[in-house]
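Heads up, model26.txt below (compact mmCIF, C-alpha atoms and all ligand atoms):
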# COMPACT_ATOMS: atom_id res chain seq x y z
CA MET A 1 8.55 24.11 -12.29
CA PRO A 2 12.38 23.87 -12.16
CA TYR A 3 13.97 23.25 -8.76
CA ASP A 4 15.16 26.68 -7.67
CA VAL A 5 17.40 26.23 -4.64
CA ASP A 6 18.07 29.99 -4.37
CA ARG A 7 14.35 30.69 -4.18
CA ILE A 8 14.01 28.04 -1.45
CA ARG A 9 16.96 29.48 0.46
CA ARG A 10 15.49 32.97 0.43
CA GLN A 11 12.60 31.59 2.48
CA PHE A 12 14.99 30.52 5.28
CA PRO A 13 16.24 33.53 7.28
CA ALA A 14 18.87 31.49 9.16
CA LEU A 15 20.60 30.59 5.90
CA SER A 16 21.78 34.18 5.55
CA ARG A 17 23.84 33.86 8.73
CA ARG A 18 27.47 34.87 8.35
CA GLN A 19 30.67 34.04 10.16
CA ASP A 20 33.80 36.14 9.56
CA GLY A 21 31.98 37.87 6.72
CA ARG A 22 31.15 34.64 4.90
CA HIS A 23 27.89 32.72 4.64
CA VAL A 24 27.90 29.69 6.90
CA ALA A 25 27.22 26.25 5.45
CA TRP A 26 24.54 24.52 7.51
CA LEU A 27 25.45 20.89 6.91
CA ASP A 28 24.03 19.76 10.25
CA GLY A 29 20.54 19.01 8.91
CA PRO A 30 20.53 15.44 10.29
CA ALA A 31 20.70 16.97 13.78
CA GLY A 32 17.96 19.47 12.94
CA THR A 33 17.11 21.68 9.98
CA GLN A 34 16.47 25.42 9.77
CA VAL A 35 12.94 26.71 9.23
CA PRO A 36 11.32 28.90 6.55
CA SER A 37 9.67 32.24 7.39
CA SER A 38 6.22 30.67 7.03
CA VAL A 39 6.99 28.35 9.97
CA ILE A 40 8.27 31.23 12.09
CA GLU A 41 5.25 33.37 11.20
CA ALA A 42 2.76 30.61 11.98
CA THR A 43 4.15 30.38 15.53
CA THR A 44 4.56 34.09 16.17
CA THR A 45 1.13 34.97 14.76
CA LEU A 46 -0.56 32.41 17.00
CA LEU A 47 1.27 33.57 20.11
CA ARG A 48 0.75 37.24 19.28
CA ASP A 49 -2.96 36.93 18.52
CA GLY A 50 -3.64 34.59 21.43
CA VAL A 51 -4.75 31.00 21.76
CA SER A 52 -6.49 29.03 24.52
CA ASN A 53 -6.55 25.44 25.61
CA HIS A 54 -8.87 22.82 24.13
CA GLY A 55 -12.35 22.48 25.59
CA GLY A 56 -13.50 26.08 26.08
CA ASP A 57 -16.68 27.48 24.55
CA PHE A 58 -15.10 30.50 22.94
CA ALA A 59 -13.25 31.25 19.72
CA PRO A 60 -9.53 30.92 20.71
CA SER A 61 -10.25 27.54 22.31
CA ARG A 62 -12.06 26.32 19.22
CA GLN A 63 -9.09 27.65 17.23
CA ALA A 64 -6.74 25.41 19.25
CA GLU A 65 -8.90 22.42 18.36
CA ALA A 66 -9.02 23.45 14.70
CA LEU A 67 -5.26 23.94 14.47
CA THR A 68 -4.70 20.51 16.03
CA ASP A 69 -7.00 18.98 13.41
CA ALA A 70 -5.18 20.91 10.70
CA ALA A 71 -1.79 19.62 11.88
CA ARG A 72 -3.12 16.05 11.93
CA SER A 73 -4.41 16.48 8.36
CA ALA A 74 -1.10 17.93 7.20
CA VAL A 75 0.91 15.05 8.67
CA ALA A 76 -1.66 12.57 7.38
CA ASP A 77 -0.88 13.88 3.89
CA LEU A 78 2.83 13.63 4.59
CA PHE A 79 2.52 9.94 5.56
CA ASN A 80 -0.50 9.05 3.40
CA ALA A 81 -2.45 8.19 6.54
CA SER A 82 -5.76 9.29 8.10
CA PRO A 83 -5.75 12.33 10.41
CA ASN A 84 -7.12 10.19 13.25
CA GLU A 85 -3.98 8.03 13.07
CA ILE A 86 -1.63 10.93 13.91
CA VAL A 87 -0.39 11.63 17.46
CA PHE A 88 1.83 14.52 18.54
CA GLY A 89 4.27 14.62 21.43
CA GLN A 90 7.41 16.25 22.73
CA ASN A 91 9.80 14.46 20.39
CA MET A 92 10.27 11.06 18.81
CA THR A 93 12.15 9.68 21.81
CA SER A 94 9.42 10.56 24.31
CA LEU A 95 6.69 9.24 22.01
CA THR A 96 8.58 5.99 21.51
CA PHE A 97 9.12 5.48 25.24
CA ALA A 98 5.44 6.15 25.91
CA THR A 99 4.23 3.93 23.08
CA SER A 100 6.61 1.14 24.09
CA ARG A 101 5.05 1.06 27.58
CA ALA A 102 1.58 0.61 26.12
CA ILE A 103 2.64 -1.96 23.51
CA ALA A 104 4.65 -3.99 26.03
CA ARG A 105 1.89 -4.30 28.64
CA ASP A 106 1.25 -7.93 27.67
CA TRP A 107 4.80 -9.01 26.78
CA ARG A 108 5.88 -12.13 28.65
CA PRO A 109 9.09 -14.13 29.22
CA GLY A 110 9.72 -16.10 26.04
CA ASP A 111 8.57 -13.24 23.81
CA ARG A 112 11.12 -11.76 21.41
CA ILE A 113 11.77 -8.23 20.26
CA ILE A 114 13.92 -7.41 17.24
CA VAL A 115 16.04 -4.26 17.04
CA THR A 116 18.94 -3.36 14.75
CA THR A 117 22.41 -1.92 15.15
CA LEU A 118 21.62 0.53 12.33
CA ASP A 119 19.03 2.31 14.46
CA HIS A 120 19.33 5.50 16.47
CA ASP A 121 19.16 4.52 20.13
CA ALA A 122 15.71 6.10 20.41
CA ASN A 123 14.40 3.08 18.51
CA VAL A 124 16.42 0.59 20.56
CA THR A 125 16.50 1.41 24.27
CA PRO A 126 12.75 2.05 24.69
CA TRP A 127 12.24 -1.52 23.41
CA SER A 128 15.09 -3.15 25.29
CA GLU A 129 13.95 -1.52 28.55
CA ALA A 130 10.37 -2.63 27.99
CA ALA A 131 11.61 -6.12 27.14
CA ARG A 132 13.75 -6.21 30.28
CA ASP A 133 10.75 -5.27 32.44
CA ALA A 134 8.69 -8.04 30.80
CA GLY A 135 11.45 -10.66 30.79
CA ALA A 136 11.34 -10.77 26.98
CA GLU A 137 14.40 -11.43 24.83
CA VAL A 138 15.97 -8.76 22.61
CA ILE A 139 17.59 -9.81 19.35
CA SER A 140 19.82 -7.26 17.66
CA ILE A 141 20.36 -7.59 13.91
CA GLU A 142 23.58 -6.21 12.47
CA PHE A 143 23.91 -4.26 9.22
CA ASP A 144 26.50 -5.07 6.57
CA PRO A 145 29.55 -2.98 7.58
CA ALA A 146 30.86 -2.97 3.98
CA THR A 147 27.76 -1.26 2.57
CA GLY A 148 26.08 0.23 5.64
CA LEU A 149 22.86 -1.51 4.56
CA LEU A 150 20.56 -3.75 6.49
CA ASP A 151 19.81 -6.99 4.69
CA PRO A 152 16.03 -7.52 4.96
CA ASP A 153 16.61 -11.28 5.01
CA ALA A 154 18.75 -10.96 8.13
CA VAL A 155 15.72 -9.51 9.92
CA ILE A 156 13.23 -11.86 8.29
CA ASP A 157 15.31 -14.91 9.24
CA ALA A 158 15.16 -13.85 12.89
CA LEU A 159 11.35 -13.65 12.90
CA ASP A 160 9.25 -16.39 14.38
CA GLU A 161 5.95 -16.79 16.21
CA ARG A 162 7.61 -15.61 19.44
CA THR A 163 8.43 -12.21 17.90
CA ARG A 164 6.20 -9.43 19.23
CA LEU A 165 7.78 -6.39 17.62
CA VAL A 166 10.36 -5.35 15.04
CA ALA A 167 11.84 -1.87 15.58
CA ILE A 168 13.53 -0.70 12.43
CA THR A 169 14.90 2.45 10.88
CA ALA A 170 13.76 3.77 7.50
CA ALA A 171 17.10 5.56 7.03
CA SER A 172 20.23 5.68 9.15
CA ASN A 173 21.00 9.07 10.68
CA ALA A 174 24.67 8.05 10.69
CA LEU A 175 25.41 6.32 7.39
CA GLY A 176 22.58 7.63 5.23
CA SER A 177 21.57 4.09 4.27
CA VAL A 178 17.93 3.44 3.43
CA THR A 179 16.23 0.25 4.60
CA ASP A 180 14.14 -1.89 2.28
CA LEU A 181 11.21 -1.87 4.68
CA ALA A 182 8.46 -3.53 2.65
CA PRO A 183 9.59 -7.17 2.92
CA ILE A 184 10.41 -6.78 6.62
CA ILE A 185 7.04 -5.24 7.50
CA ALA A 186 5.18 -7.88 5.47
CA ALA A 187 7.12 -10.74 7.07
CA ALA A 188 6.60 -9.32 10.57
CA ARG A 189 2.86 -9.14 9.97
CA GLN A 190 2.84 -12.76 8.82
CA VAL A 191 4.20 -13.98 12.16
CA GLY A 192 1.91 -11.61 14.09
CA ALA A 193 4.65 -9.17 15.12
CA LEU A 194 4.19 -5.40 15.15
CA SER A 195 6.48 -3.15 13.13
CA PHE A 196 7.69 0.18 14.52
CA VAL A 197 9.47 2.30 11.91
CA ASP A 198 11.79 5.19 12.74
CA ALA A 199 11.32 7.66 9.88
CA VAL A 200 12.99 10.58 11.68
CA HIS A 201 15.99 10.75 9.39
CA PHE A 202 14.11 9.56 6.31
CA SER A 203 11.49 12.32 6.42
CA ALA A 204 13.71 15.20 5.29
CA HIS A 205 14.62 13.26 2.16
CA ARG A 206 11.84 10.88 1.16
CA LEU A 207 8.08 10.68 1.46
CA SER A 208 6.60 7.93 3.63
CA ASN A 209 3.57 6.02 2.42
CA VAL A 210 1.97 4.08 5.25
CA ALA A 211 -1.02 3.13 3.10
CA LEU A 212 1.41 1.26 0.85
CA LEU A 213 3.91 -0.07 3.40
CA GLN A 214 1.42 -0.78 6.15
CA PRO A 215 3.69 -0.50 9.18
CA ASP A 216 1.91 -0.65 12.54
CA PHE A 217 3.67 2.48 13.77
CA LEU A 218 5.92 5.09 12.20
CA VAL A 219 7.60 8.00 13.96
CA ALA A 220 9.13 11.28 12.80
CA SER A 221 10.20 14.62 14.22
CA ALA A 222 9.19 17.89 12.55
CA TYR A 223 12.45 19.67 13.38
CA LYS A 224 14.24 17.31 10.97
CA PHE A 225 12.05 18.41 8.07
CA PHE A 226 12.08 22.21 8.36
CA GLY A 227 9.52 22.42 11.17
CA PRO A 228 9.40 22.91 14.92
CA HIS A 229 10.59 20.65 17.73
CA THR A 230 7.58 18.35 17.84
CA GLY A 231 7.47 14.56 17.68
CA ILE A 232 4.98 12.73 15.47
CA LEU A 233 3.63 9.20 15.75
CA TYR A 234 1.55 7.41 13.17
CA GLY A 235 -0.31 4.41 14.56
CA ARG A 236 -2.75 2.17 12.74
CA ARG A 237 -6.24 3.11 13.80
CA GLU A 238 -6.96 -0.32 15.29
CA HIS A 239 -3.88 -0.11 17.56
CA LEU A 240 -4.56 3.44 18.70
CA GLU A 241 -8.05 2.28 19.68
CA SER A 242 -7.28 -1.12 21.21
CA LEU A 243 -3.96 -0.59 23.03
CA ALA A 244 -4.15 1.16 26.39
CA PRO A 245 -1.76 4.12 26.68
CA TYR A 246 -0.70 5.37 30.11
CA LYS A 247 -2.88 8.43 30.59
CA VAL A 248 -4.59 10.50 33.26
CA ARG A 249 -8.26 9.70 33.95
CA PRO A 250 -9.90 12.94 32.72
CA ALA A 251 -7.99 12.94 29.41
CA PRO A 252 -10.03 11.91 26.37
CA ASP A 253 -10.61 8.20 25.86
CA SER A 254 -10.92 8.42 22.10
CA ALA A 255 -8.04 7.92 19.68
CA PRO A 256 -5.80 9.64 18.76
CA ASP A 257 -6.23 12.15 21.67
CA ARG A 258 -5.86 9.45 24.35
CA TRP A 259 -2.22 9.01 23.26
CA GLU A 260 -1.34 12.67 23.81
CA THR A 261 -0.36 13.34 27.41
CA GLY A 262 -1.10 16.81 28.75
CA THR A 263 -1.51 19.96 26.70
CA GLN A 264 0.14 20.02 23.31
CA SER A 265 2.38 22.81 22.06
CA PHE A 266 -0.16 24.65 19.89
CA GLU A 267 2.50 27.08 18.73
CA SER A 268 4.41 24.07 17.38
CA LEU A 269 1.40 22.40 15.82
CA VAL A 270 0.63 25.42 13.61
CA ALA A 271 4.28 25.33 12.60
CA VAL A 272 4.07 21.60 11.76
CA THR A 273 1.29 22.44 9.31
CA ALA A 274 3.38 25.30 7.89
CA ALA A 275 6.38 22.96 7.43
CA VAL A 276 4.29 20.45 5.49
CA GLU A 277 2.81 23.30 3.44
CA HIS A 278 6.33 24.55 2.73
CA LEU A 279 7.31 21.15 1.36
CA ALA A 280 4.08 20.86 -0.64
CA SER A 281 4.68 24.32 -2.12
CA LEU A 282 7.77 22.91 -3.88
CA GLY A 283 5.62 20.54 -5.93
CA GLN A 284 2.62 20.58 -8.17
CA GLY A 285 -0.66 18.72 -8.16
CA ALA A 286 -4.31 18.96 -7.31
CA SER A 287 -4.04 17.67 -3.74
CA ARG A 288 -1.50 18.39 -0.99
CA ARG A 289 -0.39 14.75 -1.13
CA SER A 290 0.27 14.94 -4.87
CA ARG A 291 2.17 18.20 -4.41
CA LEU A 292 4.25 16.48 -1.72
CA GLU A 293 4.94 13.59 -4.08
CA SER A 294 6.13 15.90 -6.81
CA ALA A 295 8.13 18.02 -4.33
CA PHE A 296 9.93 15.00 -2.89
CA ALA A 297 10.75 13.71 -6.39
CA ALA A 298 12.39 17.09 -7.09
CA ILE A 299 14.14 17.15 -3.69
CA ARG A 300 15.53 13.70 -4.34
CA THR A 301 16.93 14.69 -7.72
CA HIS A 302 18.50 17.80 -6.20
CA GLU A 303 20.01 15.89 -3.27
CA GLU A 304 21.29 13.12 -5.52
CA GLY A 305 23.08 15.74 -7.59
CA LEU A 306 24.76 17.06 -4.47
CA GLY A 307 25.51 13.54 -3.25
CA SER A 308 27.12 12.49 -6.55
CA ARG A 309 29.28 15.60 -6.56
CA PHE A 310 30.37 14.92 -2.99
CA LEU A 311 31.11 11.24 -3.65
CA SER A 312 33.10 12.03 -6.82
CA GLY A 313 35.04 14.63 -4.87
CA ILE A 314 36.06 12.36 -2.00
CA ALA A 315 36.85 9.54 -4.45
CA GLU A 316 39.83 11.69 -5.48
CA MET A 317 41.03 12.01 -1.88
CA PRO A 318 42.85 8.92 -0.60
CA SER A 319 42.85 10.21 2.99
CA ILE A 320 39.04 10.39 3.20
CA ARG A 321 37.16 7.22 4.03
CA LEU A 322 33.40 6.99 3.58
CA PHE A 323 31.20 4.71 5.69
CA GLY A 324 27.85 3.69 4.21
CA PRO A 325 26.57 3.18 0.65
CA SER A 326 29.12 4.31 -1.91
CA GLU A 327 26.62 5.48 -4.53
CA VAL A 328 23.57 7.71 -4.60
CA GLY A 329 20.25 6.07 -5.41
CA GLU A 330 17.40 4.14 -3.82
CA GLN A 331 19.56 2.87 -0.98
CA ARG A 332 21.00 6.11 0.34
CA VAL A 333 20.03 9.62 1.32
CA SER A 334 22.42 12.56 1.23
CA THR A 335 23.99 12.05 4.67
CA PHE A 336 27.66 11.11 4.64
CA ALA A 337 29.79 9.79 7.49
CA VAL A 338 33.51 10.12 6.87
CA GLU A 339 36.87 9.75 8.51
CA VAL A 340 39.95 11.83 7.67
CA GLU A 341 43.07 9.69 7.98
CA GLY A 342 45.33 10.75 10.81
CA ILE A 343 43.04 13.43 12.28
CA SER A 344 40.51 12.88 15.02
CA PRO A 345 36.91 13.47 13.94
CA GLN A 346 36.58 16.09 16.69
CA THR A 347 39.52 18.05 15.27
CA VAL A 348 38.01 17.87 11.79
CA ALA A 349 34.65 19.17 13.08
CA ALA A 350 36.33 21.97 15.03
CA GLU A 351 38.33 23.01 11.96
CA MET A 352 35.16 22.97 9.88
CA GLY A 353 33.35 25.04 12.50
CA ARG A 354 36.15 27.62 12.36
CA ARG A 355 35.56 27.84 8.61
CA GLY A 356 31.81 28.37 9.07
CA ILE A 357 30.98 24.82 8.00
CA TYR A 358 28.52 23.45 10.54
CA LEU A 359 28.46 19.68 10.71
CA TRP A 360 28.28 16.93 13.28
CA VAL A 361 30.73 14.61 14.92
CA GLY A 362 30.64 11.64 17.27
CA HIS A 363 28.00 8.91 17.41
CA TYR A 364 24.84 11.07 17.09
CA TYR A 365 23.08 8.52 19.34
CA ALA A 366 23.55 5.87 16.63
CA ILE A 367 25.65 3.93 19.09
CA GLY A 368 24.85 0.56 17.51
CA VAL A 369 26.44 1.78 14.28
CA MET A 370 29.58 3.05 15.98
CA GLU A 371 29.91 -0.02 18.18
CA GLN A 372 29.60 -2.36 15.21
CA LEU A 373 32.17 -0.35 13.26
CA GLY A 374 34.49 -0.30 16.29
CA LEU A 375 34.53 3.51 16.34
CA MET A 376 33.05 4.16 19.75
CA ASP A 377 36.40 4.77 21.43
CA SER A 378 37.98 6.72 18.59
CA GLY A 379 35.39 9.52 18.56
CA GLY A 380 32.92 8.25 15.96
CA LEU A 381 32.72 9.90 12.56
CA VAL A 382 32.28 13.30 10.95
CA ARG A 383 28.78 13.61 9.50
CA ILE A 384 27.96 15.87 6.57
CA GLY A 385 24.29 16.32 5.77
CA PHE A 386 22.86 17.83 2.59
CA VAL A 387 19.19 18.71 2.55
CA HIS A 388 16.83 20.42 0.12
CA TYR A 389 18.33 23.86 0.74
CA SER A 390 21.98 22.76 0.34
CA THR A 391 23.93 23.93 -2.68
CA THR A 392 26.71 22.72 -4.97
CA SER A 393 28.93 25.51 -3.68
CA GLU A 394 28.47 24.15 -0.15
CA VAL A 395 29.48 20.71 -1.43
CA ASP A 396 32.58 22.23 -3.00
CA ARG A 397 33.36 24.16 0.15
CA VAL A 398 33.30 21.08 2.37
CA LEU A 399 35.30 19.12 -0.22
CA GLU A 400 37.93 21.84 -0.31
CA ALA A 401 38.18 21.82 3.47
CA LEU A 402 38.40 18.00 3.56
CA GLU A 403 41.13 18.04 0.95
CA PHE A 404 43.08 20.62 2.92
CA LEU A 405 42.71 18.75 6.22
CA GLY A 406 43.44 15.39 4.60
CA SER A 407 46.67 16.59 3.05
CA SER A 408 48.01 18.60 5.98
C1 LIG B 1 17.05 8.50 13.13
C2 LIG B 1 16.66 9.22 14.39
N1 LIG B 1 15.77 8.66 15.20
C3 LIG B 1 15.37 9.26 16.34
C4 LIG B 1 15.88 10.47 16.71
C5 LIG B 1 15.39 11.10 17.97
O1 LIG B 1 14.48 12.11 17.65
P1 LIG B 1 14.00 13.16 18.74
O2 LIG B 1 15.07 14.16 18.91
O3 LIG B 1 12.75 13.74 18.12
O4 LIG B 1 13.69 12.41 19.98
C6 LIG B 1 16.83 11.10 15.91
C7 LIG B 1 17.44 12.37 16.31
O5 LIG B 1 18.53 12.69 15.93
C8 LIG B 1 17.22 10.46 14.71
O6 LIG B 1 18.11 11.01 13.89
Could you show the structure in this file as structure tokens?
Amino acid sequence: MPYDVDRIRRQFPALSRRQDGRHVAWLDGPAGTQVPSSVIEATTTLLRDGVSNHGGDFAPSRQAEALTDAARSAVADLFNASPNEIVFGQNMTSLTFATSRAIARDWRPGDRIIVTTLDHDANVTPWSEAARDAGAEVISIEFDPATGLLDPDAVIDALDERTRLVAITAASNALGSVTDLAPIIAAARQVGALSFVDAVHFSAHRLSNVALLQPDFLVASAYKFFGPHTGILYGRREHLESLAPYKVRPAPDSAPDRWETGTQSFESLVAVTAAVEHLASLGQGASRRSRLESAFAAIRTHEEGLGSRFLSGIAEMPSIRLFGPSEVGEQRVSTFAVEVEGISPQTVAAEMGRRGIYLWVGHYYAIGVMEQLGLMDSGGLVRIGFVHYSTTSEVDRVLEALEFLGSS
């Protein structure tokens, strides 16, 4: 089945949006992607037909339980996990704060927590706050500013028997760099430290495999991969059972439900399933997981094509400076942070917005990245994100605008 980006785009009503008579270019995927009709219909159908809370002895209540199970199964396929290892919540940040409180209950002075400057702050501050409350020490590992990559050895060298947790990103939402997680997770386990992986940015571009990587926790957010605004936590079964989350007394005591505070957004959970189904529909195979594998292989090829075109284009423009890996491949996804010489990033973004090119500017909560690069006070960087529905003409359009701005 050839990758047909036009067919994919037709499934996304928002992509037909126009500004001044011209299609807009949604290059703000790293801040949140648009959704296909199937996701919209899943939510509207549920709300229109009616749904009840869990625990009632009548059909719409049982339906709420069934749709929760279905969403867990869908995400389990997305991560290659078991459905009973999947927890939903408001967003990744809230889930990480809540999980950090439970994990840190027995942290003591002398314990060490490792974070990185490559991470979004949602995988830093929950840990540094928990460490502060416990009197534990926080060690922050820097990435290589020349490549935008995190050297696994820099993390591994910082590990010792005092380390309780390593919080690490799978892919940077600022620089697009991909972390080589396997050696870090394995080394953390060897010293008895937990690993907590932020796969929020990664999940639009690559398929996680927790059965292979064996992290202790991994988090994502469905709105970054064509779904609704719902956070997702994978936790190894043994942790979800043995750790004690902060919860109200009547809430279930069994995992994974004991990790979900209050009533879940059922209208979002049906949409999470629809988003995973959308991705799986782009691939082939006997099982949903195998369809996801084939879909993500195709998505990666498509995005690498866009990324190469973008990188070749800016290579011809001396006034454009790229931060992060300079080539497509294993170590980068199609998210590009750039600077236009002599123009503030905010002005570039505003000019792009006027042209119907929607992209992001600033630090995007990746404050460790901007601090390390010394860009915090100069307005951060312009971020251009290509996802599975992006096109070569959108690449050319942003290149044309960059060339114009860079030479004016
Ligand atoms: C890499 C990364 N981690 C975490 C988050 C926070 O996710 P949420 O908005 O679900 O809290 C984001 C959001 O931009 C992100 O890009």
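The residues that lie within 6 Å of the point (25.2, 16.5, 1.4), counting only C-alpha atoms, are Leu306, Gly307, Ser334, Thr335, Ile384, Gly385 and Phe386 of chain A.
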Selection above as a file: C-alpha atoms, as a PDB file, in the coordinates of the input:
ATOM      1  CA  LEU A 306      24.760  17.060  -4.470  1.00  0.00           C
ATOM      2  CA  GLY A 307      25.510  13.540  -3.250  1.00  0.00           C
ATOM      3  CA  SER A 334      22.420  12.560   1.230  1.00  0.00           C
ATOM      4  CA  THR A 335      23.990  12.050   4.670  1.00  0.00           C
ATOM      5  CA  ILE A 384      27.960  15.870   6.570  1.00  0.00           C
ATOM      6  CA  GLY A 385      24.290  16.320   5.770  1.00  0.00           C
ATOM      7  CA  PHE A 386      22.860  17.830   2.590  1.00  0.00           C
TER       8      PHE A 386
END
Can you work out which one of A:Thr230, A:Gln190, A:Gln34, A:Gln11 has the shortest atom-to-atom distance to ligand LIG 1 (chain B), counting only C-alpha atoms and all ligand atoms?
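So, comparing all the options, the nearest one is A:Thr230.
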Do a neighbour search on Ala401 (chain A) at 9 Å with only C-alpha atoms, toss out local chain neighbours closer than 3 positions, and write the hits as a list in words.
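Once the adjacent positions are removed, what remains is Glu351, Met352, Arg355, Asp396, Arg397, Val398, Phe404, Leu405 and Gly406 of chain A.
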Tell me, in Å to one decimal, how far CA of Val219 (chain A) is from CA of Ala255 (chain A).
16.7 Å
Nearest residue to Gly329 (chain A) from the set A:Ser177, A:Ser265, A:Ser294, A:Gln372 (distances using only C-alpha atoms)
A:Ser177
Can you work out which residues are within 6 Å of ligand LIG 1 (chain B), considering all atoms listed in the file, and then hand them over as a list in words?
Ala31, Asn91, Met92, Thr93, His120, Ala122, Ser172, Asn173, Asp198, Val200, His201, Ser221 and Gly231 of chain A
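Within the 12 Å cut-off around Arg101 (chain A), using only C-alpha atoms and omitting residues fewer than 3 positions from it on the same chain, the listed residues are A:Ser94, A:Leu95, A:Thr96, A:Phe97, A:Ala98, A:Ala104, A:Arg105, A:Asp106, A:Trp107, A:Thr125, A:Pro126, A:Trp127, A:Ser128, A:Glu129, A:Ala130, A:Ala131, A:Arg132, A:Asp133, A:Ala134, A:Leu243, A:Ala244, A:Pro245, A:Tyr246, A:Lys247, A:Trp259.
For the set A:Pro325, A:Gly148, A:Gly192, A:Gly262, the residue with the smallest atom-to-atom gap to Gly368 (chain A) is A:Gly148, counting all atoms listed in the file.
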Taking only C-alpha atoms into account, which of A:Ser344, A:Thr147, A:Gln63, A:Ser268 comes nearest Leu175 (chain A)?
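The answer is A:Thr147, which sits nearest to Leu175 (chain A).
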CA of Gly324 (chain A) to CA of Leu279 (chain A), distance in Å rounded to a single decimal
27.1 Å
List as a list of chain:residue names the protein and nucleic acid residues near Ala171 (chain A), meaning an atom at most 9 Å away when all atoms listed in the file are counted, but skip any in the same chain fewer than 6 places from it.
A:Leu118, A:Asp119, A:Ser177, A:Val178, A:Thr179, A:Asp198, A:Ala199, A:Val200, A:His201, A:Phe202, A:Ser203, A:Gln331, A:Arg332, A:Val333
Using all atoms listed in the file: which of A:Glu341, A:Glu394, A:Asp69, A:Glu330 has the shortest distance to Arg309 (chain A):
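Smallest separation from Arg309 (chain A) among the options: A:Glu394.
Proximity ranking of A:Ala174, A:Ala182, A:Leu78, A:Leu233 relative to Ala366 (chain A) places A:Ala174 first, based on all atoms listed in the file.
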If we count all atoms listed in the file and set the cut-off at 9 Å, which residues sit around Val276 (chain A), ignoring sequence neighbours fewer than 5 positions away in its own chain? Please answer as an NGL selection string.
:A and (71 or 74-75 or 77-78 or 222 or 225-227 or 271 or 281 or 288 or 292)
Take the residues that were just selected and, keeping C-alpha atoms, output them as a short mmCIF file (atom, residue, chain, number, x, y, z; two decimals), keeping the file's coordinate frame.
data_model
loop_
_atom_site.label_atom_id
_atom_site.label_comp_id
_atom_site.auth_asym_id
_atom_site.auth_seq_id
_atom_site.Cartn_x
_atom_site.Cartn_y
_atom_site.Cartn_z
CA ALA A 71 -1.79 19.62 11.88
CA ALA A 74 -1.10 17.93 7.20
CA VAL A 75 0.91 15.05 8.67
CA ASP A 77 -0.88 13.88 3.89
CA LEU A 78 2.83 13.63 4.59
CA ALA A 222 9.19 17.89 12.55
CA PHE A 225 12.05 18.41 8.07
CA PHE A 226 12.08 22.21 8.36
CA GLY A 227 9.52 22.42 11.17
CA ALA A 271 4.28 25.33 12.60
CA SER A 281 4.68 24.32 -2.12
CA ARG A 288 -1.50 18.39 -0.99
CA LEU A 292 4.25 16.48 -1.72
#
Could you give me, as JSON lines, every region 222-317 of chain A residue with an atom at most 8 Å from region 37-52 of chain A, plus its closest atom pair and distance in Å to one decimal, counting only C-alpha atoms, rows ordered by chain then number?
{"residue": "A:Gly227", "atom": "CA", "partner": "A:Val39", "partner_atom": "CA", "distance": 6.6}
{"residue": "A:Pro228", "atom": "CA", "partner": "A:Val39", "partner_atom": "CA", "distance": 7.7}
{"residue": "A:Glu267", "atom": "CA", "partner": "A:Thr43", "partner_atom": "CA", "distance": 4.9}
{"residue": "A:Ser268", "atom": "CA", "partner": "A:Thr43", "partner_atom": "CA", "distance": 6.6}
{"residue": "A:Val270", "atom": "CA", "partner": "A:Ala42", "partner_atom": "CA", "distance": 5.8}
{"residue": "A:Ala271", "atom": "CA", "partner": "A:Val39", "partner_atom": "CA", "distance": 4.8}
{"residue": "A:Val272", "atom": "CA", "partner": "A:Val39", "partner_atom": "CA", "distance": 7.6}
{"residue": "A:Ala274", "atom": "CA", "partner": "A:Val39", "partner_atom": "CA", "distance": 5.2}
{"residue": "A:Ala275", "atom": "CA", "partner": "A:Val39", "partner_atom": "CA", "distance": 6.0}
{"residue": "A:His278", "atom": "CA", "partner": "A:Ser38", "partner_atom": "CA", "distance": 7.5}
Could you tell me, as a list in words, which residues have any atom at most 12 Å from (8.6, -10.7, 3.5), counting only C-alpha atoms?
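The answer, in the requested form, is Asp151, Pro152, Asp153, Ala154, Val155, Ile156, Asp157, Ala158, Leu159, Asp180, Leu181, Ala182, Pro183, Ile184, Ile185, Ala186, Ala187, Ala188, Arg189, Gln190, Val191 and Leu213 of chain A.
We find CA of Asp216 (chain A) and CA of Ser195 (chain A) to be spaced 5.2 Å apart.
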